[in-house]
There are 6 protein chains.
Amino acid sequence: MSINNLGIVKRNIERTDAETVERLAKFGVATIHEAFGRAGLMKPYMRPIYSGAHVCGTAVTVLLQPGDNWMLHVAAEQIRPGDVVVAGCTADSTDGFFGDLLATSYKSRGARGLIIDGGVRDVKDLTAMGFPVFSRAIHAKGCTRASLGSVNVPVVCAGAIVNPGDVVVADDDGVVVVPRAVAAQVATAAEAREANEAAKRTRFAAGELGLDMYGLREPLAKAGLKYID
Amino acid sequence: MSINNLGIVKRNIERTDAETVERLAKFGVATIHEAFGRAGLMKPYMRPIYSGAHVCGTAVTVLLQPGDNWMLHVAAEQIRPGDVVVAGCTADSTDGFFGDLLATSYKSRGARGLIIDGGVRDVKDLTAMGFPVFSRAIHAKGCTRASLGSVNVPVVCAGAIVNPGDVVVADDDGVVVVPRAVAAQVATAAEAREANEAAKRTRFAAGELGLDMYGLREPLAKAGLKYID
Amino acid sequence: MSINNLGIVKRNIERTDAETVERLAKFGVATIHEAFGRAGLMKPYMRPIYSGAHVCGTAVTVLLQPGDNWMLHVAAEQIRPGDVVVAGCTADSTDGFFGDLLATSYKSRGARGLIIDGGVRDVKDLTAMGFPVFSRAIHAKGCTRASLGSVNVPVVCAGAIVNPGDVVVADDDGVVVVPRAVAAQVATAAEAREANEAAKRTRFAAGELGLDMYGLREPLAKAGLKYID
Amino acid sequence: MSINNLGIVKRNIERTDAETVERLAKFGVATIHEAFGRAGLMKPYMRPIYSGAHVCGTAVTVLLQPGDNWMLHVAAEQIRPGDVVVAGCTADSTDGFFGDLLATSYKSRGARGLIIDGGVRDVKDLTAMGFPVFSRAIHAKGCTRASLGSVNVPVVCAGAIVNPGDVVVADDDGVVVVPRAVAAQVATAAEAREANEAAKRTRFAAGELGLDMYGLREPLAKAGLKYID
Amino acid sequence: MSINNLGIVKRNIERTDAETVERLAKFGVATIHEAFGRAGLMKPYMRPIYSGAHVCGTAVTVLLQPGDNWMLHVAAEQIRPGDVVVAGCTADSTDGFFGDLLATSYKSRGARGLIIDGGVRDVKDLTAMGFPVFSRAIHAKGCTRASLGSVNVPVVCAGAIVNPGDVVVADDDGVVVVPRAVAAQVATAAEAREANEAAKRTRFAAGELGLDMYGLREPLAKAGLKYID
Amino acid sequence: MSINNLGIVKRNIERTDAETVERLAKFGVATIHEAFGRAGLMKPYMRPIYSGAHVCGTAVTVLLQPGDNWMLHVAAEQIRPGDVVVAGCTADSTDGFFGDLLATSYKSRGARGLIIDGGVRDVKDLTAMGFPVFSRAIHAKGCTRASLGSVNVPVVCAGAIVNPGDVVVADDDGVVVVPRAVAAQVATAAEAREANEAAKRTRFAAGELGLDMYGLREPLAKAGLKYID
């Protein structure tokens, strides 16, 4: 076996159950990140290729070599409906690893989207297809197929650890990963938080200050804040 | 008193008069920057969270600590209708200092927008609200409330000095700051410039060359420009 | 004559013939880049100022000095209908070299768009005009007119060599340059490729895997890929 | 227990055995990276604070919050002789998390060095102490102590996953992580590789070409390489 | 008069008194930044051109236009022994604004060093002269002399506001600015801090933990930190 | 033949004559850049791997694919004593394309150094060998040998066009390229400039101002510079 998790395709992975995924799919990334105790976020350079893109699903992970998209073809076979492909890379690369042909393939396999710490191309077509992609770059540069990576091993994507089967949620605010083991717990926390936020929104809209709503005046004074005229 | 402008909220600030603000609100950032003698611009990494965002108002300034949005709550109380909150940070940070709840609060206080040398989140909601935000990043990362900054002290935001009460104008071309003392003068210059530009636009559209319109042929020849075939 | 290609305007350049340009205009950047044997791409920091911008034409090249747009005025006179102005810079600069007045001038001369390794401004107006611009930055910063560059010399723009008369194609995926001498050959290759891609798209949509379509299983096995459960 | 690995200190970790660590300590980062099948590297922005710094030891991991060095104090207590502290951060931060006082503390506990995906300060003192530090930045900015992170949980540091007890090796070429489970295997591979490299060095010095030594002429010809005069 | 602080040279500035400057000159940047209540730091991209560079003096400020070093010549005349020239720029530029000739001139006028938010060149000569320079870049690119900036107006340099006469201190950890009005106060605080640090260093060297020295165990427990085995 | 300059090795190139190279070798990069009319510079991210590195020689050019160093082996055979290998890349890559083995090979072939728009490794060994390398990054990451590039075709390296046989000069201030056709002319200009600079240095050292030496007072006054007290 591999000493370094390269050259491996794991076929059977345990996915987060569909019900939990759907519960999480109702929330935005910021809410889930908070419900998860402020963990799981990818770095802010990950951006949607079109405004309003939103995706939630179970991770099929891919470890790429820079400028080589061999493993994205290997990953296609491992996709099941409801999956999101999440690709990390062994070195920073902005090459166009993914385009409309692979998107057609992924979509036909039931993939809900792609999160890739690299570049993509054919963004006009991807947008027309409504296939949500979050990437570090957009670039037409073509890729080789020469170096082995892996599928369904733990990967680092844009600074976050992703295990196969984890839930991945992405929207205009970024990308967050929720491990399978705690996904239901995070969904519950997100539901509670959302209810709470609606109430706060009403109070803020009515002119109430966060200073009062959150009881900030006393700790601020203790910290030494001075008001002057 | 503070030796370093940290831990201070200045309550009474002198704002640029509303009439001058409205005169400036008619112009884009490029025009005002030129009318101001090519000064006052923030760095180009400041981008609107949605295309077409435009805001003009009087600055309530905030000095933030990285990853800490305590002072944005403190600032809310100092907002008056027509203000734009302008937040600098003591170190580069892309954390999500501001989201839809604070935006609801700011809007209810009469704020016209936010300029922040940091990250924001809930951009889908902010866009739906039509609340213009210009920031260095979009990121879901939550903030702490533990370190004092200040409100209404002079701040550096994306390379520009902003004093409370200055006029801040932002659109797709960036963000420009006009000090209160010269705002009326700059408005007058902008009005003159705009009139002049309309005339030029007509001449350019008719095929006249900038080489002739601006009398560039002679200085170019003097500088040594050679035409070859 | 100049020892360094600065201070020169070449008036008579050989442009790629119009028919070849129109053949290339039918394809996106990714297709042309592939048809050209994966060459000719500019770096991925070159982005359209509005989503969906697309341009194809013959290059009028400009070599700029940082923060100085004198030569963009000089270039205007050299534009013929069907040209795209391609501007490189002797040092990285994000200043706003180009705005709506120059765009009006360029449009009236028949220019199809601008590719500039620098900043532009008035993007709201440029968007309204439908004048496609691809740039490294958007910034309101004004320029001087004091330092000589050149027009219609070979330039490096965002990492690519561009000669006057070459075909330049740009869309959401980036910018590609095709030298005049091989433009017809590349057009033919692009036509062949496009036909081929349509067939592949149908097969991918039907669920066929790239692993099978491209015969990847054997080379992957040879490279040592292991499937585990 | 924590749902997200925040707020935890794991006291008992299994460290790679000392003998294996010493075997790896004989090699540079490039050799170990190759021996490990080209895996385990951190990103190239991680640089030594002084030229020639070199460290090899067992990882005590720290998860930091941006601008907050509370957990570096917590980690000090967990250090045993031969450890290297490896700190990741939940968001990019260049603040000065670490300086000469903490270095004095770490050194007295037997730490061999620090790898930190953030900033450090007092680099003149650290250099004088000969305490090897590899960081993403140098900055005098002070930190708060207000937000919980963790000690000895799996962390991502500069793109690499690090588990407590793994071997970390750093020199002028960067930083590489070798998991405990395969460290002995990698050491053996490194020893073999080094022997092999010495032989190649001699042949290269004698003028032999890599083309011949590695048998590259045939695959290059097959790939289509053409020699012209 | 100028509406925007461009095109001005202020001849008579009030400098921080020499005694206070010498008191501050004894400390490193990290210590002064802390003594100043964690304020006044420039961004971490400002780096010394040679390791070990250290400078402390009174600021003669310069506002540059990108790629134009006219005002550095104007500034030379305003230098008095003990000054440090601090140059900001109206837009990001890495051009080589300063080299060995200007350094020779500055040195002969009594300048102690240069802090510049731009590029410099001739670094081998500057190093040989022992003239400390802190810059954002090193680049041989030459500058023009065509656009007016200013001398001895308030400038923003690498994110910090600098007024003429302020004390500027720079070393391997970065650059810090101390306003004239509080310089003596900051010097006193730095002296107190340094004494305190020496004591702490001894205790850390003896193996005492920051957890105990700073009383961190209780607040950490309150914040919810859990120790596990 | 190749339509895109990929997959080609040109064996016979015309090198700048040795005498001219030696004349240029006496000067630093800043001087040559000025003597060349301020042209030919690479971007400032190109840095020497050790301080004080200096190289001047005739270019053997290499076009690399990202993360692939096949062509560096191909280039070795084309090296003649006095050459400097200059490598561009079809996409940004920081991988370690070059290390001590290739350096041993290049040195044995008579190469004077390497300029590479990519990463290198084994920098400790390269430094010990005194083999000057200028690169965009240092990284241990290994490379593949799978994609054809070219040798001795025109390349873009860090923004500069380099033709085989051109003179390349690099030192602490950066890297400059002088085309073969004008190398002697540039050498003559550099010699004149150097003589002139020595005289200026003496006058600057004696306290004379650039304002007077260059006659700047009048143009500054004309441009509107105001002196105030």
# chains A, B, ... in the order shown; residues from 1 in each chain; ligands from 1
$ interface_residues --of "chain C" --to "chain A" --cutoff "10 Å" --atoms "only C-alpha atoms" --output "PyMOL selection string"
chain C and resi 28-34+37-47+51-52+171-176+197-198+200-212+214+216-217+219-221+223-229
$ residues_around --residues "Thr188 of chain C" --least-positions-apart "3" --cutoff "10 Å" --atoms "only C-alpha atoms" --output "list of chain:residue names"
C:Thr20, C:Arg23, C:Leu24, C:Ala35, C:Ala183, C:Ala184, C:Gln185, C:Glu191, C:Ala192, C:Arg193
$ select_by_dssp --residues "segment 11-225 of chain B" --states "alpha helix (DSSP H)" --output "MDAnalysis selection string"
chainID B and resid 18:25 29:35 70:76 100:108 123:129 183:205 210:213 217:223
$ residues_around --residues "Val156 of chain D" --least-positions-apart "6" --cutoff "12 Å" --atoms "only C-alpha atoms" --output "VMD selection string"
(chain A and resid 40 to 43 154 to 162) or (chain D and resid 40 to 43 61 to 64 86 to 92 115 to 117 162 to 164 177)
$ residues_around --residues "Val182 of chain E" --least-positions-apart "4" --cutoff "8 Å" --atoms "only C-alpha atoms" --output "short mmCIF file (atom, residue, chain, number, x, y, z; two decimals) with C-alpha atoms, in the first residue's frame"
data_model
loop_
_atom_site.label_atom_id
_atom_site.label_comp_id
_atom_site.auth_asym_id
_atom_site.auth_seq_id
_atom_site.Cartn_x
_atom_site.Cartn_y
_atom_site.Cartn_z
CA ILE B 3 -1.66 58.04 23.89
CA VAL E 178 5.72 57.35 17.26
CA VAL E 186 6.41 56.05 24.85
#
$ decode --residues "segment 46-143 of chain D" --atoms "C-alpha atoms" --output "CSV table (one decimal), in the first residue's frame"
chain,number,residue,atom,x,y,z
D,46,MET,CA,7.1,29.2,4.8
D,47,ARG,CA,10.6,30.7,5.2
D,48,PRO,CA,13.3,30.4,7.8
D,49,ILE,CA,13.9,33.6,9.8
D,50,TYR,CA,17.6,33.2,9.3
D,51,SER,CA,19.6,31.5,6.5
D,52,GLY,CA,20.8,28.0,7.3
D,53,ALA,CA,18.2,27.2,9.9
D,54,HIS,CA,17.5,23.5,10.1
D,55,VAL,CA,15.3,21.5,12.5
D,56,CYS,CA,14.0,18.0,12.9
D,57,GLY,CA,11.8,16.8,15.7
D,58,THR,CA,8.4,15.5,16.8
D,59,ALA,CA,5.4,17.7,16.4
D,60,VAL,CA,3.5,19.3,19.2
D,61,THR,CA,0.6,20.8,17.3
D,62,VAL,CA,-1.2,24.1,18.0
D,63,LEU,CA,-4.3,25.5,16.5
D,64,LEU,CA,-4.3,29.3,16.8
D,65,GLN,CA,-7.0,31.9,16.3
D,66,PRO,CA,-5.8,34.9,14.2
D,67,GLY,CA,-3.9,37.5,16.2
D,68,ASP,CA,-4.2,35.4,19.4
D,69,ASN,CA,-1.3,33.6,21.0
D,70,TRP,CA,-3.0,32.1,24.1
D,71,MET,CA,-2.5,28.6,22.9
D,72,LEU,CA,1.3,29.0,22.4
D,73,HIS,CA,1.5,29.4,26.2
D,74,VAL,CA,-0.7,26.4,26.7
D,75,ALA,CA,1.5,24.4,24.3
D,76,ALA,CA,4.7,25.2,26.3
D,77,GLU,CA,3.6,22.9,29.0
D,78,GLN,CA,3.2,20.0,26.6
D,79,ILE,CA,6.7,20.3,25.1
D,80,ARG,CA,9.2,17.5,25.7
D,81,PRO,CA,12.8,17.5,24.7
D,82,GLY,CA,13.1,16.9,21.0
D,83,ASP,CA,9.7,18.4,20.1
D,84,VAL,CA,9.1,21.0,17.4
D,85,VAL,CA,6.0,23.2,17.9
D,86,VAL,CA,3.9,23.4,14.7
D,87,ALA,CA,1.2,26.0,14.7
D,88,GLY,CA,-1.7,26.4,12.2
D,89,CYS,CA,-4.2,29.2,12.3
D,90,THR,CA,-8.0,29.3,11.6
D,91,ALA,CA,-7.5,32.3,9.3
D,92,ASP,CA,-4.5,33.9,7.6
D,93,SER,CA,-2.7,36.2,10.0
D,94,THR,CA,0.8,37.8,9.9
D,95,ASP,CA,0.7,39.1,13.5
D,96,GLY,CA,3.7,38.4,15.7
D,97,PHE,CA,2.5,35.4,17.6
D,98,PHE,CA,5.9,34.5,19.0
D,99,GLY,CA,9.0,36.3,20.2
D,100,ASP,CA,12.1,35.9,22.3
D,101,LEU,CA,10.3,35.3,25.7
D,102,LEU,CA,8.3,32.4,24.4
D,103,ALA,CA,11.4,31.2,22.6
D,104,THR,CA,13.3,31.2,25.9
D,105,SER,CA,10.4,29.3,27.5
D,106,TYR,CA,10.2,26.8,24.7
D,107,LYS,CA,14.0,26.3,24.7
D,108,SER,CA,14.1,25.7,28.4
D,109,ARG,CA,11.4,23.0,27.9
D,110,GLY,CA,13.6,21.3,25.3
D,111,ALA,CA,11.8,22.4,22.1
D,112,ARG,CA,14.0,22.3,19.0
D,113,GLY,CA,12.2,25.0,17.0
D,114,LEU,CA,8.9,26.4,15.8
D,115,ILE,CA,7.0,26.1,12.5
D,116,ILE,CA,4.2,28.7,12.4
D,117,ASP,CA,1.6,29.6,9.7
D,118,GLY,CA,1.7,33.2,11.0
D,119,GLY,CA,4.1,36.0,12.0
D,120,VAL,CA,6.9,36.1,14.5
D,121,ARG,CA,8.9,38.9,16.0
D,122,ASP,CA,12.2,39.6,17.9
D,123,VAL,CA,13.9,37.8,15.0
D,124,LYS,CA,17.3,39.4,15.9
D,125,ASP,CA,17.1,37.7,19.4
D,126,LEU,CA,15.8,34.5,18.0
D,127,THR,CA,18.7,34.4,15.6
D,128,ALA,CA,21.2,35.1,18.3
D,129,MET,CA,19.7,32.3,20.4
D,130,GLY,CA,20.0,30.0,17.4
D,131,PHE,CA,16.3,29.0,17.8
D,132,PRO,CA,15.1,27.9,14.3
D,133,VAL,CA,11.8,29.4,13.3
D,134,PHE,CA,10.0,29.0,10.0
D,135,SER,CA,7.1,31.3,9.5
D,136,ARG,CA,4.9,33.0,6.9
D,137,ALA,CA,5.9,36.5,8.0
D,138,ILE,CA,7.9,38.6,10.3
D,139,HIS,CA,6.0,41.3,12.1
D,140,ALA,CA,6.2,43.2,15.4
D,141,LYS,CA,2.4,43.3,15.9
D,142,GLY,CA,1.4,42.0,19.3
D,143,CYS,CA,-1.3,39.4,20.0
